[in-house]
>>> print(open('query-v1.txt').read())   # compact mmCIF, C-alpha atoms
# COMPACT_ATOMS: atom_id res chain seq x y z
CA MET A 1 -1.96 12.41 23.26
CA LYS A 2 -2.67 15.84 21.89
CA ILE A 3 -4.56 18.04 24.30
CA GLY A 4 -7.99 18.93 22.94
CA GLY A 5 -6.92 17.16 19.76
CA ASN A 6 -9.73 15.19 18.28
CA ASN A 7 -12.94 15.96 20.08
CA MET A 8 -14.38 16.27 16.56
CA ILE A 9 -14.33 12.48 16.32
CA LYS A 10 -16.70 10.63 18.59
CA GLU A 11 -15.71 7.25 20.04
CA VAL A 12 -18.69 4.95 19.69
CA ASN A 13 -19.17 1.40 20.96
CA ASP A 14 -21.41 -1.65 20.80
CA LYS A 15 -23.84 -0.04 23.24
CA ASN A 16 -24.34 3.41 21.76
CA PHE A 17 -23.63 2.69 18.09
CA SER A 18 -27.19 2.72 16.79
CA GLU A 19 -28.10 5.68 18.95
CA GLU A 20 -25.16 7.70 17.65
CA ILE A 21 -25.39 6.64 14.03
CA ALA A 22 -29.01 5.83 13.24
CA ASN A 23 -30.31 8.87 15.09
CA SER A 24 -27.97 11.32 13.50
CA ASP A 25 -29.49 13.92 11.18
CA SER A 26 -26.32 14.20 9.14
CA ILE A 27 -24.39 11.42 7.47
CA VAL A 28 -21.85 9.72 9.72
CA VAL A 29 -18.35 8.65 8.73
CA VAL A 30 -17.21 5.75 10.88
CA ASP A 31 -13.57 4.69 11.11
CA PHE A 32 -13.16 1.07 12.29
CA TRP A 33 -9.69 0.79 13.80
CA ALA A 34 -7.53 -0.90 16.41
CA PRO A 35 -4.48 0.28 18.32
CA TRP A 36 -2.22 -2.45 16.87
CA CYS A 37 -2.90 -1.55 13.25
CA GLY A 38 -0.26 0.53 11.44
CA PRO A 39 -2.36 1.90 8.57
CA CYS A 40 -5.03 2.89 11.14
CA LYS A 41 -2.49 5.06 12.91
CA MET A 42 -1.74 6.78 9.61
CA LEU A 43 -5.42 7.28 8.87
CA THR A 44 -6.12 8.92 12.23
CA PRO A 45 -4.52 12.32 11.45
CA VAL A 46 -6.21 12.29 8.03
CA MET A 47 -9.62 11.69 9.64
CA GLU A 48 -8.91 14.43 12.18
CA GLU A 49 -8.16 16.91 9.41
CA LEU A 50 -11.32 15.91 7.54
CA ALA A 51 -13.34 16.28 10.74
CA LYS A 52 -11.93 19.77 11.14
CA GLU A 53 -12.75 20.67 7.55
CA MET A 54 -16.14 18.98 7.21
CA GLY A 55 -17.32 18.73 10.80
CA LYS A 56 -20.19 21.15 10.26
CA GLU A 57 -21.95 18.96 7.71
CA VAL A 58 -20.75 15.51 8.61
CA LYS A 59 -20.46 13.63 11.86
CA PHE A 60 -17.24 11.66 12.41
CA ALA A 61 -17.02 8.62 14.64
CA LYS A 62 -14.65 5.77 15.32
CA VAL A 63 -15.04 2.23 16.59
CA ASN A 64 -12.28 0.23 18.25
CA VAL A 65 -12.87 -3.23 16.76
CA ASP A 66 -11.08 -5.00 19.62
CA GLU A 67 -13.43 -3.60 22.20
CA ASN A 68 -16.59 -3.74 20.09
CA PRO A 69 -16.92 -7.17 18.50
CA MET A 70 -20.70 -6.95 17.99
CA ILE A 71 -20.64 -3.93 15.71
CA SER A 72 -17.52 -5.17 13.96
CA SER A 73 -19.05 -8.52 13.11
CA LYS A 74 -22.40 -6.98 12.19
CA TYR A 75 -20.67 -4.90 9.51
CA ARG A 76 -18.30 -7.76 8.64
CA ILE A 77 -15.09 -5.88 9.27
CA ALA A 78 -12.36 -8.21 7.93
CA SER A 79 -9.55 -5.76 7.43
CA ILE A 80 -8.78 -2.48 9.09
CA PRO A 81 -8.88 0.39 8.76
CA THR A 82 -12.35 0.26 7.21
CA VAL A 83 -14.22 3.51 6.77
CA MET A 84 -17.98 3.43 6.29
CA VAL A 85 -20.34 6.25 5.43
CA PHE A 86 -23.76 5.86 7.07
CA SER A 87 -26.98 7.64 6.35
CA LYS A 88 -29.31 6.70 9.19
CA ASP A 89 -28.68 2.97 9.45
CA THR A 90 -27.88 2.44 5.78
CA VAL A 91 -24.29 1.89 4.71
CA LYS A 92 -23.68 4.21 1.74
CA GLU A 93 -19.98 3.56 1.23
CA THR A 94 -17.34 1.12 2.41
CA MET A 95 -13.65 1.83 1.99
CA VAL A 96 -11.19 -0.81 3.04
CA GLY A 97 -7.64 0.17 3.88
CA PHE A 98 -5.92 3.51 3.96
CA ARG A 99 -7.14 6.04 1.41
CA PRO A 100 -5.61 9.34 0.33
CA LYS A 101 -7.21 12.31 2.02
CA ALA A 102 -8.50 13.74 -1.28
CA ASP A 103 -10.25 10.42 -2.10
CA LEU A 104 -11.98 10.22 1.26
CA LYS A 105 -13.15 13.78 0.94
CA LYS A 106 -14.57 13.18 -2.51
CA ILE A 107 -16.40 10.04 -1.40
CA ILE A 108 -17.85 11.73 1.66
CA GLU A 109 -18.90 14.76 -0.37
CA ARG A 110 -20.86 12.73 -2.89
CA ASN A 111 -23.08 11.56 -0.04
CA LEU A 112 -23.91 15.00 1.25
CA MET B 113 9.91 14.91 14.08
CA SER B 114 11.70 13.44 11.09
CA GLU B 115 13.02 15.55 8.22
CA ARG B 116 10.55 16.15 5.42
CA TYR B 117 12.20 15.70 2.02
CA ASP B 118 11.11 17.56 -1.09
CA ILE B 119 10.98 14.42 -3.23
CA ALA B 120 11.24 10.74 -2.38
CA ILE B 121 12.12 8.50 -5.31
CA ILE B 122 11.33 4.80 -5.10
CA GLY B 123 13.41 2.66 -7.44
CA THR B 124 16.94 2.93 -8.81
CA GLY B 125 16.56 1.78 -12.41
CA PRO B 126 17.08 4.32 -15.20
CA ALA B 127 13.75 6.05 -14.45
CA GLY B 128 14.46 6.60 -10.76
CA LEU B 129 18.08 7.66 -11.31
CA GLU B 130 17.26 10.10 -14.11
CA ALA B 131 14.58 11.58 -11.86
CA ALA B 132 17.10 11.86 -9.03
CA ILE B 133 19.68 13.61 -11.21
CA ASN B 134 17.22 16.23 -12.40
CA ALA B 135 15.76 16.87 -8.96
CA LYS B 136 19.29 17.31 -7.68
CA ILE B 137 20.13 19.76 -10.49
CA ARG B 138 17.02 21.70 -9.48
CA ASN B 139 18.39 21.83 -5.97
CA LYS B 140 15.69 19.75 -4.32
CA ASN B 141 16.27 17.86 -1.12
CA ILE B 142 15.80 14.25 -2.24
CA ILE B 143 15.93 10.73 -0.88
CA VAL B 144 16.30 7.72 -3.18
CA PHE B 145 15.26 4.20 -2.17
CA GLY B 146 16.67 1.22 -4.02
CA SER B 147 19.61 -1.11 -4.07
CA LYS B 148 23.36 -0.92 -4.58
CA GLU B 149 22.95 -3.08 -7.69
CA LEU B 150 20.60 -0.33 -8.96
CA SER B 151 18.41 -2.58 -11.11
CA ALA B 152 18.35 -6.37 -11.15
CA LYS B 153 16.89 -6.29 -14.66
CA LEU B 154 19.57 -3.99 -16.06
CA VAL B 155 22.46 -5.97 -14.57
CA LYS B 156 21.16 -9.11 -16.28
CA ALA B 157 20.79 -7.58 -19.75
CA PRO B 158 23.34 -9.25 -22.06
CA LYS B 159 23.46 -6.39 -24.57
CA VAL B 160 22.02 -2.90 -24.80
CA ASN B 161 22.25 -1.21 -28.17
CA ASN B 162 19.59 1.46 -28.20
CA PHE B 163 20.64 3.74 -25.35
CA LEU B 164 21.80 6.93 -27.07
CA GLY B 165 25.51 7.52 -26.67
CA PHE B 166 26.24 4.08 -25.22
CA TYR B 167 26.40 1.34 -27.82
CA ASN B 168 27.43 -2.24 -27.74
CA VAL B 169 27.43 -2.32 -23.95
CA THR B 170 26.31 -4.99 -21.54
CA GLY B 171 23.65 -4.11 -18.99
CA ASN B 172 26.27 -4.30 -16.30
CA GLU B 173 28.50 -1.77 -18.09
CA LEU B 174 25.58 0.60 -18.47
CA LYS B 175 24.86 0.15 -14.76
CA ASN B 176 28.45 1.14 -13.96
CA HIS B 177 28.04 4.31 -16.01
CA PHE B 178 24.83 5.09 -14.11
CA ALA B 179 26.56 4.46 -10.79
CA ALA B 180 29.48 6.75 -11.70
CA HIS B 181 27.06 9.45 -12.82
CA ILE B 182 25.05 9.55 -9.59
CA ALA B 183 28.19 9.25 -7.47
CA SER B 184 29.67 12.29 -9.24
CA MET B 185 26.57 14.24 -8.25
CA GLY B 186 26.66 13.13 -4.65
CA ILE B 187 23.41 11.15 -4.84
CA ASN B 188 23.19 8.39 -2.25
CA ILE B 189 20.92 5.40 -2.35
CA VAL B 190 19.10 4.27 0.75
CA ASN B 191 19.05 0.49 0.68
CA GLU B 192 15.66 0.00 2.33
CA ARG B 193 12.38 -1.47 1.15
CA ILE B 194 9.32 0.72 1.34
CA ASN B 195 6.30 -1.29 2.48
CA ASN B 196 3.68 1.39 2.05
CA VAL B 197 3.26 4.97 0.97
CA TYR B 198 0.40 6.95 2.47
CA ALA B 199 -0.99 10.12 0.88
CA MET B 200 -1.59 12.20 4.00
CA GLY B 201 -2.93 15.30 2.23
CA ASP B 202 -0.05 17.75 1.90
CA TYR B 203 2.71 15.17 2.30
CA PHE B 204 3.49 11.47 1.88
CA ALA B 205 4.47 9.04 4.62
CA LEU B 206 6.79 6.26 3.45
CA MET B 207 6.93 3.26 5.76
CA VAL B 208 9.87 0.92 6.21
CA ASN B 209 8.46 -1.47 8.79
CA GLU B 210 8.14 0.71 11.89
CA LYS B 211 10.29 3.52 10.49
CA MET B 212 8.74 6.44 8.64
CA TYR B 213 10.10 8.89 6.09
CA GLU B 214 8.23 11.99 4.93
CA ALA B 215 8.27 13.73 1.57
CA LYS B 216 6.23 16.46 -0.08
CA ALA B 217 6.22 14.69 -3.46
CA ILE B 218 7.03 11.16 -4.60
CA ILE B 219 8.17 9.51 -7.80
CA LEU B 220 7.40 5.82 -8.25
CA ALA B 221 9.97 4.07 -10.44
CA THR B 222 9.47 0.57 -9.16
CA GLY B 223 9.68 -1.41 -12.38
CA ILE B 224 7.24 -4.13 -13.27
CA GLU B 225 8.42 -7.22 -11.45
CA TYR B 226 5.52 -8.48 -9.46
CA THR B 227 3.42 -11.59 -9.51
CA LYS B 228 -0.06 -11.57 -10.93
CA PRO B 229 -2.85 -11.78 -8.38
CA LEU B 230 -4.74 -15.06 -7.99
CA LYS B 231 -8.19 -15.37 -9.48
CA GLY B 232 -10.61 -13.82 -6.99
CA GLU B 233 -7.86 -12.13 -5.01
CA GLU B 234 -8.58 -8.52 -5.93
CA LYS B 235 -12.35 -8.96 -5.71
CA LEU B 236 -12.08 -10.26 -2.14
CA LEU B 237 -9.40 -7.89 -0.91
CA GLY B 238 -10.43 -6.68 2.52
CA LYS B 239 -13.16 -9.34 2.58
CA GLY B 240 -10.88 -12.05 3.85
CA VAL B 241 -7.89 -11.47 1.56
CA GLY B 242 -5.03 -9.56 3.15
CA TYR B 243 -1.37 -8.76 2.57
CA CYS B 244 -0.16 -8.15 6.12
CA ALA B 245 -0.81 -11.07 8.42
CA THR B 246 0.56 -9.42 11.54
CA CYS B 247 -1.64 -6.39 10.82
CA ASP B 248 -4.98 -8.15 10.52
CA ALA B 249 -4.34 -11.33 12.55
CA PRO B 250 -6.32 -10.23 15.61
CA LEU B 251 -9.46 -10.09 13.42
CA TYR B 252 -9.07 -13.84 12.88
CA LYS B 253 -9.07 -14.84 16.52
CA GLY B 254 -10.52 -18.35 16.72
CA LYS B 255 -10.92 -18.61 12.94
CA THR B 256 -9.27 -20.50 10.09
CA VAL B 257 -6.50 -18.77 8.16
CA VAL B 258 -4.49 -19.77 5.08
CA ILE B 259 -1.12 -18.12 4.54
CA VAL B 260 0.64 -18.24 1.19
CA GLY B 261 4.29 -17.50 1.90
CA TYR B 262 6.83 -16.50 -0.75
CA ASN B 263 9.87 -16.20 1.52
CA LYS B 264 11.39 -17.16 4.88
CA GLU B 265 10.04 -14.01 6.57
CA SER B 266 6.51 -15.27 5.96
CA GLU B 267 7.15 -18.03 8.50
CA GLU B 268 7.47 -15.59 11.36
CA GLU B 269 4.20 -13.92 10.42
CA THR B 270 2.56 -17.32 10.17
CA ASN B 271 3.70 -18.29 13.65
CA TYR B 272 2.25 -15.07 15.01
CA VAL B 273 -1.10 -15.75 13.32
CA SER B 274 -1.15 -19.35 14.57
CA GLU B 275 -1.14 -18.10 18.14
CA LEU B 276 -4.47 -16.34 17.57
CA SER B 277 -6.31 -18.34 14.93
CA SER B 278 -7.91 -21.70 15.65
CA LYS B 279 -6.37 -23.30 12.54
CA THR B 280 -3.50 -22.10 10.38
CA TYR B 281 -2.47 -23.55 7.01
CA TYR B 282 0.83 -22.58 5.40
CA ILE B 283 1.40 -22.86 1.65
CA PRO B 284 5.11 -22.29 0.94
CA MET B 285 5.90 -20.98 -2.56
CA TYR B 286 9.62 -21.71 -2.11
CA ARG B 287 11.71 -24.70 -1.12
CA GLY B 288 13.55 -25.05 2.14
CA GLU B 289 13.26 -25.90 5.78
CA TYR B 290 10.23 -24.38 7.40
CA ASN B 291 10.52 -23.02 10.91
CA LEU B 292 6.89 -23.16 11.97
CA ASN B 293 4.91 -23.75 15.14
CA PRO B 294 3.75 -27.38 15.45
CA ASN B 295 0.09 -26.39 15.11
CA VAL B 296 0.64 -24.98 11.60
CA GLU B 297 -0.32 -27.39 8.85
CA ILE B 298 1.90 -27.23 5.76
CA ILE B 299 0.17 -27.69 2.40
CA ASN B 300 2.30 -28.50 -0.61
CA HIS B 301 -0.20 -27.69 -3.34
CA LYS B 302 -0.15 -24.31 -5.05
CA PRO B 303 -3.22 -22.07 -4.75
CA LEU B 304 -5.16 -21.34 -7.93
CA GLU B 305 -8.23 -19.37 -6.93
CA ILE B 306 -9.84 -17.64 -3.97
CA VAL B 307 -13.57 -18.21 -3.78
CA GLY B 308 -16.33 -16.28 -2.05
CA GLU B 309 -19.22 -13.92 -2.67
CA ASP B 310 -18.97 -11.12 -0.14
CA ARG B 311 -16.57 -13.06 2.11
CA VAL B 312 -13.77 -15.52 1.45
CA THR B 313 -15.10 -19.05 1.83
CA LYS B 314 -12.42 -21.27 0.37
CA VAL B 315 -9.18 -21.55 -1.56
CA ILE B 316 -8.92 -23.88 -4.55
CA LEU B 317 -5.56 -25.61 -4.88
CA GLU B 318 -3.92 -27.60 -7.67
CA GLN B 319 -5.20 -30.57 -5.77
CA GLY B 320 -8.15 -30.15 -3.45
CA GLU B 321 -9.36 -27.08 -1.61
CA ILE B 322 -9.36 -25.53 1.87
CA THR B 323 -12.37 -24.00 3.57
CA THR B 324 -11.19 -20.84 5.31
CA ASP B 325 -12.18 -17.48 6.79
CA GLY B 326 -9.17 -15.62 5.53
CA ILE B 327 -6.12 -15.84 3.30
CA PHE B 328 -2.92 -13.81 3.42
CA MET B 329 -0.68 -13.49 0.37
CA LEU B 330 2.85 -12.65 1.53
CA ARG B 331 4.74 -11.88 -1.68
CA ASP B 332 8.28 -10.57 -2.22
CA SER B 333 7.18 -7.49 -4.06
CA VAL B 334 3.88 -5.73 -3.90
CA SER B 335 2.06 -4.19 -6.82
CA PRO B 336 1.97 -0.37 -7.03
CA GLY B 337 -1.68 -0.32 -6.01
CA GLN B 338 -0.81 -2.07 -2.77
CA LEU B 339 2.28 0.06 -2.25
CA VAL B 340 0.32 3.31 -2.53
CA PRO B 341 -3.30 2.80 -1.42
CA GLY B 342 -5.64 4.75 -3.66
CA LEU B 343 -3.35 4.76 -6.69
CA GLU B 344 -5.20 4.19 -9.95
CA ILE B 345 -4.02 1.22 -11.99
CA GLU B 346 -4.92 0.60 -15.61
CA GLU B 347 -4.30 -2.82 -17.15
CA GLY B 348 -1.56 -3.62 -14.69
CA HIS B 349 0.26 -0.30 -14.96
CA ILE B 350 0.11 2.96 -13.03
CA ARG B 351 -2.16 5.41 -14.83
CA VAL B 352 -0.26 8.61 -15.66
CA ASP B 353 -0.72 11.61 -17.93
CA ARG B 354 1.90 13.14 -20.23
CA ASN B 355 3.49 14.88 -17.26
CA MET B 356 3.83 11.49 -15.52
CA LYS B 357 1.30 12.62 -12.93
CA THR B 358 -0.82 9.90 -11.27
CA ASN B 359 -4.34 10.34 -9.89
CA ILE B 360 -2.85 11.36 -6.51
CA GLU B 361 -1.74 14.96 -6.13
CA GLY B 362 2.05 15.16 -5.75
CA CYS B 363 2.60 11.54 -6.82
CA TYR B 364 4.38 10.84 -10.11
CA ALA B 365 5.49 7.62 -11.80
CA ALA B 366 8.07 6.72 -14.44
CA GLY B 367 9.56 3.73 -16.20
CA ASP B 368 8.24 0.20 -16.71
CA CYS B 369 5.63 0.62 -13.96
CA THR B 370 3.73 3.06 -16.20
CA GLY B 371 3.57 0.75 -19.22
CA LYS B 372 5.23 -0.51 -22.35
CA PRO B 373 7.63 -0.32 -24.15
CA TYR B 374 9.90 -1.65 -21.41
CA GLN B 375 13.02 0.13 -22.66
CA TYR B 376 15.79 1.81 -20.68
CA ILE B 377 15.85 5.08 -22.57
CA LYS B 378 12.05 5.40 -22.41
CA ALA B 379 12.28 4.87 -18.65
CA ALA B 380 14.99 7.49 -18.31
CA GLY B 381 12.99 9.96 -20.40
CA GLU B 382 9.94 9.45 -18.21
CA GLY B 383 12.09 9.87 -15.11
CA LEU B 384 13.15 13.25 -16.40
CA VAL B 385 9.56 14.34 -17.05
CA ALA B 386 8.36 13.04 -13.67
CA SER B 387 11.14 14.89 -11.92
CA LEU B 388 10.46 18.20 -13.62
CA SER B 389 6.74 17.82 -12.96
CA ALA B 390 7.43 17.15 -9.28
CA VAL B 391 9.70 20.20 -9.14
CA SER B 392 7.05 22.46 -10.64
CA TYR B 393 4.47 20.99 -8.24
CA LEU B 394 6.73 21.88 -5.32
CA ASP B 395 7.41 25.36 -6.66
CA SER B 396 3.78 26.21 -7.39
CA PRO B 397 1.80 28.05 -4.74
CA LYS B 398 -0.67 25.62 -3.26
CA GLY B 399 -4.15 26.78 -2.56
CA ILE B 400 -7.48 25.07 -2.43
>>> encode(input="query-v1.txt", output="structure tokens")
Amino acid sequence: MKIGGNNMIKEVNDKNFSEEIANSDSIVVVDFWAPWCGPCKMLTPVMEELAKEMGKEVKFAKVNVDENPMISSKYRIASIPTVMVFSKDTVKETMVGFRPKADLKKIIERNL
Amino acid sequence: MSERYDIAIIGTGPAGLEAAINAKIRNKNIIVFGSKELSAKLVKAPKVNNFLGFYNVTGNELKNHFAAHIASMGINIVNERINNVYAMGDYFALMVNEKMYEAKAIILATGIEYTKPLKGEEKLLGKGVGYCATCDAPLYKGKTVVIVGYNKESEEETNYVSELSSKTYYIPMYRGEYNLNPNVEIINHKPLEIVGEDRVTKVILEQGEITTDGIFMLRDSVSPGQLVPGLEIEEGHIRVDRNMKTNIEGCYAAGDCTGKPYQYIKAAGEGLVASLSAVSYLDSPKGI
């Protein structure tokens, strides 16, 4: 674990999901992941860099699908990583699987 | 931390080797992934008559010339299969199972030998269709899963899935003895189509169909779009410009994987261009 590494990315769960996402003034990028998933591990540093670069305008969150089955089944997560862009409680974008950093950035930016 | 190479080249046909030679001449630190046989397609060619300077040769003879050429330049081939390449931003991560290589630029010279997707497969990718059963299996806890296996290794993945899912079907696409858990049901009808609107609902077979929550396609070779997530594909080939640049910064492609004509000297020529483009990418100052 990096010390002070990724406090830019908020861990959310079944209980506080709607509070954290629906009540956010900015758009929220949510990374659905699990510890056993290889591509998720690769996406983590990419999301951390994006959070560092875009953290002022965009909120970044992640959901562990193993621990949060309600949210995962509500949004029909069938493959991980899945990254969703939320505006209030509307899903604006869904990206399944690893994506290059530049792609993610472009897709997030078009929702600003 | 592992060494970060300047250029990783995937594939050892004429495109990959020509790229390797030129990157080496330009003094770049390279790693080349492929096989000792270099190219299965080349070795099988009965006669090659349009490769400048080498006439009336068999594919195997041409291969031997290629092998001598790279050996004389001290280029080694790493005999490992890359499962995935991830564009991390300013570098690429190349995965060989649990092992990872890093490179600042990559050249894809993978050839064109891969099976066409099933009807419905691409539409439902990530919506019940998957390519790595061990990766996504936990999402199918207590559900029904169909696995289409193209090789022996698929059996191990199937057994792993069967420990989590409530029902596992296995469709072998090869002949042999199957070493599967007793709760796996073997289906001997080939799949034709994957059906579903926003989720996979069933698989249609030559005879009959199976209602399922998910289906994994475990093929021998993956298409470039699966190899490098985010890579743009156009009519079955990697989209490149005249500099052999793909839509991903620092990622180049050459040879049959970029399109027709499927000819050795065209592949080699593209390998040269891809290599020089990658070199100038590496040498250019990078800013935002």
>>> closest_atom_pairs(input="query-v1.txt", of="chain A", to="chain B", cutoff="12 Å", atoms="all atoms listed in the file", output="CSV")
residue,atom,partner,partner_atom,distance
A:Phe32,CA,B:Leu251,CA,11.8
A:Trp33,CA,B:Asp248,CA,10.6
A:Ala34,CA,B:Pro250,CA,9.4
A:Pro35,CA,B:Cys247,CA,10.4
A:Trp36,CA,B:Cys247,CA,7.2
A:Cys37,CA,B:Cys247,CA,5.6
A:Gly38,CA,B:Cys247,CA,7.1
A:Pro39,CA,B:Tyr198,CA,8.4
A:Cys40,CA,B:Cys247,CA,9.9
A:Lys41,CA,B:Tyr198,CA,11.0
A:Met42,CA,B:Tyr198,CA,7.5
A:Leu43,CA,B:Met200,CA,7.9
A:Thr44,CA,B:Met200,CA,10.0
A:Pro45,CA,B:Met200,CA,8.0
A:Val46,CA,B:Met200,CA,6.1
A:Met47,CA,B:Met200,CA,9.8
A:Glu48,CA,B:Met200,CA,11.2
A:Glu49,CA,B:Gly201,CA,9.0
A:Leu50,CA,B:Gly201,CA,9.9
A:Asn64,CA,B:Leu251,CA,11.7
A:Val65,CA,B:Leu251,CA,8.4
A:Asp66,CA,B:Pro250,CA,8.1
A:Glu67,CA,B:Leu251,CA,11.6
A:Asn68,CA,B:Leu251,CA,11.6
A:Pro69,CA,B:Leu251,CA,9.5
A:Ser72,CA,B:Leu251,CA,9.5
A:Ser73,CA,B:Leu251,CA,9.7
A:Tyr75,CA,B:Lys239,CA,11.1
A:Arg76,CA,B:Lys239,CA,8.1
A:Ile77,CA,B:Lys239,CA,7.8
A:Ala78,CA,B:Lys239,CA,5.5
A:Ser79,CA,B:Gly238,CA,5.1
A:Ile80,CA,B:Asp248,CA,7.0
A:Pro81,CA,B:Asp248,CA,9.6
A:Thr82,CA,B:Gly238,CA,8.6
A:Val83,CA,B:Gly238,CA,11.7
A:Thr94,CA,B:Gly238,CA,10.4
A:Met95,CA,B:Gly238,CA,9.1
A:Val96,CA,B:Gly238,CA,5.9
A:Gly97,CA,B:Pro341,CA,7.3
A:Phe98,CA,B:Pro341,CA,6.0
A:Arg99,CA,B:Gly342,CA,5.4
A:Pro100,CA,B:Ala199,CA,4.7
A:Lys101,CA,B:Gly201,CA,5.2
A:Ala102,CA,B:Gly201,CA,6.8
A:Asp103,CA,B:Gly342,CA,7.5
A:Leu104,CA,B:Gly342,CA,9.7
A:Lys105,CA,B:Gly201,CA,10.4
>>> atom_distance(input="query-v1.txt", atom1="CA of Val63 in chain A", atom2="CA of Val334 in chain B")
29.0 Å
>>> atom_distance(input="query-v1.txt", atom1="CA of Val257 in chain B", atom2="CA of Pro229 in chain B")
18.3 Å
>>> residues_around(input="query-v1.txt", residues="range 146-162 of chain B", least_positions_apart="3", cutoff="9 Å", atoms="only C-alpha atoms", output="ChimeraX atom specification")
/B:121-126,128-129,165-175,178-179,189-193,222-223,375-377
>>> atom_distance(input="query-v1.txt", atom1="CA of Gly55 in chain A", atom2="CA of Lys88 in chain A")
17.1 Å
>>> residues_near_point(input="query-v1.txt", point="(-8.8, -25.1, 15.1)", cutoff="8 Å", atoms="only C-alpha atoms", output="JSON, numbers by chain")
{"B": [254, 255, 256, 277, 278, 279, 280]}
>>> residues_around(input="query-v1.txt", residues="Ile137 in chain B", least_positions_apart="3", cutoff="12 Å", atoms="all atoms listed in the file", output="MDAnalysis selection string")
chainID B and resid 130:134 140:142 182 185:187 384 387:388 391
>>> write_last_selection(input="query-v1.txt", atoms="C-alpha atoms", output="CSV table (one decimal), in the frame of the given file")
chain,number,residue,atom,x,y,z
B,130,GLU,CA,17.3,10.1,-14.1
B,131,ALA,CA,14.6,11.6,-11.9
B,132,ALA,CA,17.1,11.9,-9.0
B,133,ILE,CA,19.7,13.6,-11.2
B,134,ASN,CA,17.2,16.2,-12.4
B,140,LYS,CA,15.7,19.8,-4.3
B,141,ASN,CA,16.3,17.9,-1.1
B,142,ILE,CA,15.8,14.2,-2.2
B,182,ILE,CA,25.0,9.6,-9.6
B,185,MET,CA,26.6,14.2,-8.2
B,186,GLY,CA,26.7,13.1,-4.6
B,187,ILE,CA,23.4,11.2,-4.8
B,384,LEU,CA,13.2,13.2,-16.4
B,387,SER,CA,11.1,14.9,-11.9
B,388,LEU,CA,10.5,18.2,-13.6
B,391,VAL,CA,9.7,20.2,-9.1
>>> residues_around(input="query-v1.txt", residues="Lys231 in chain B", least_positions_apart="4", cutoff="12 Å", atoms="only C-alpha atoms", output="list of chain:residue names")
B:Lys235, B:Leu236, B:Leu237, B:Val241, B:Pro303, B:Leu304, B:Glu305, B:Ile306, B:Val307, B:Gly308, B:Val315, B:Ile316, B:Leu317
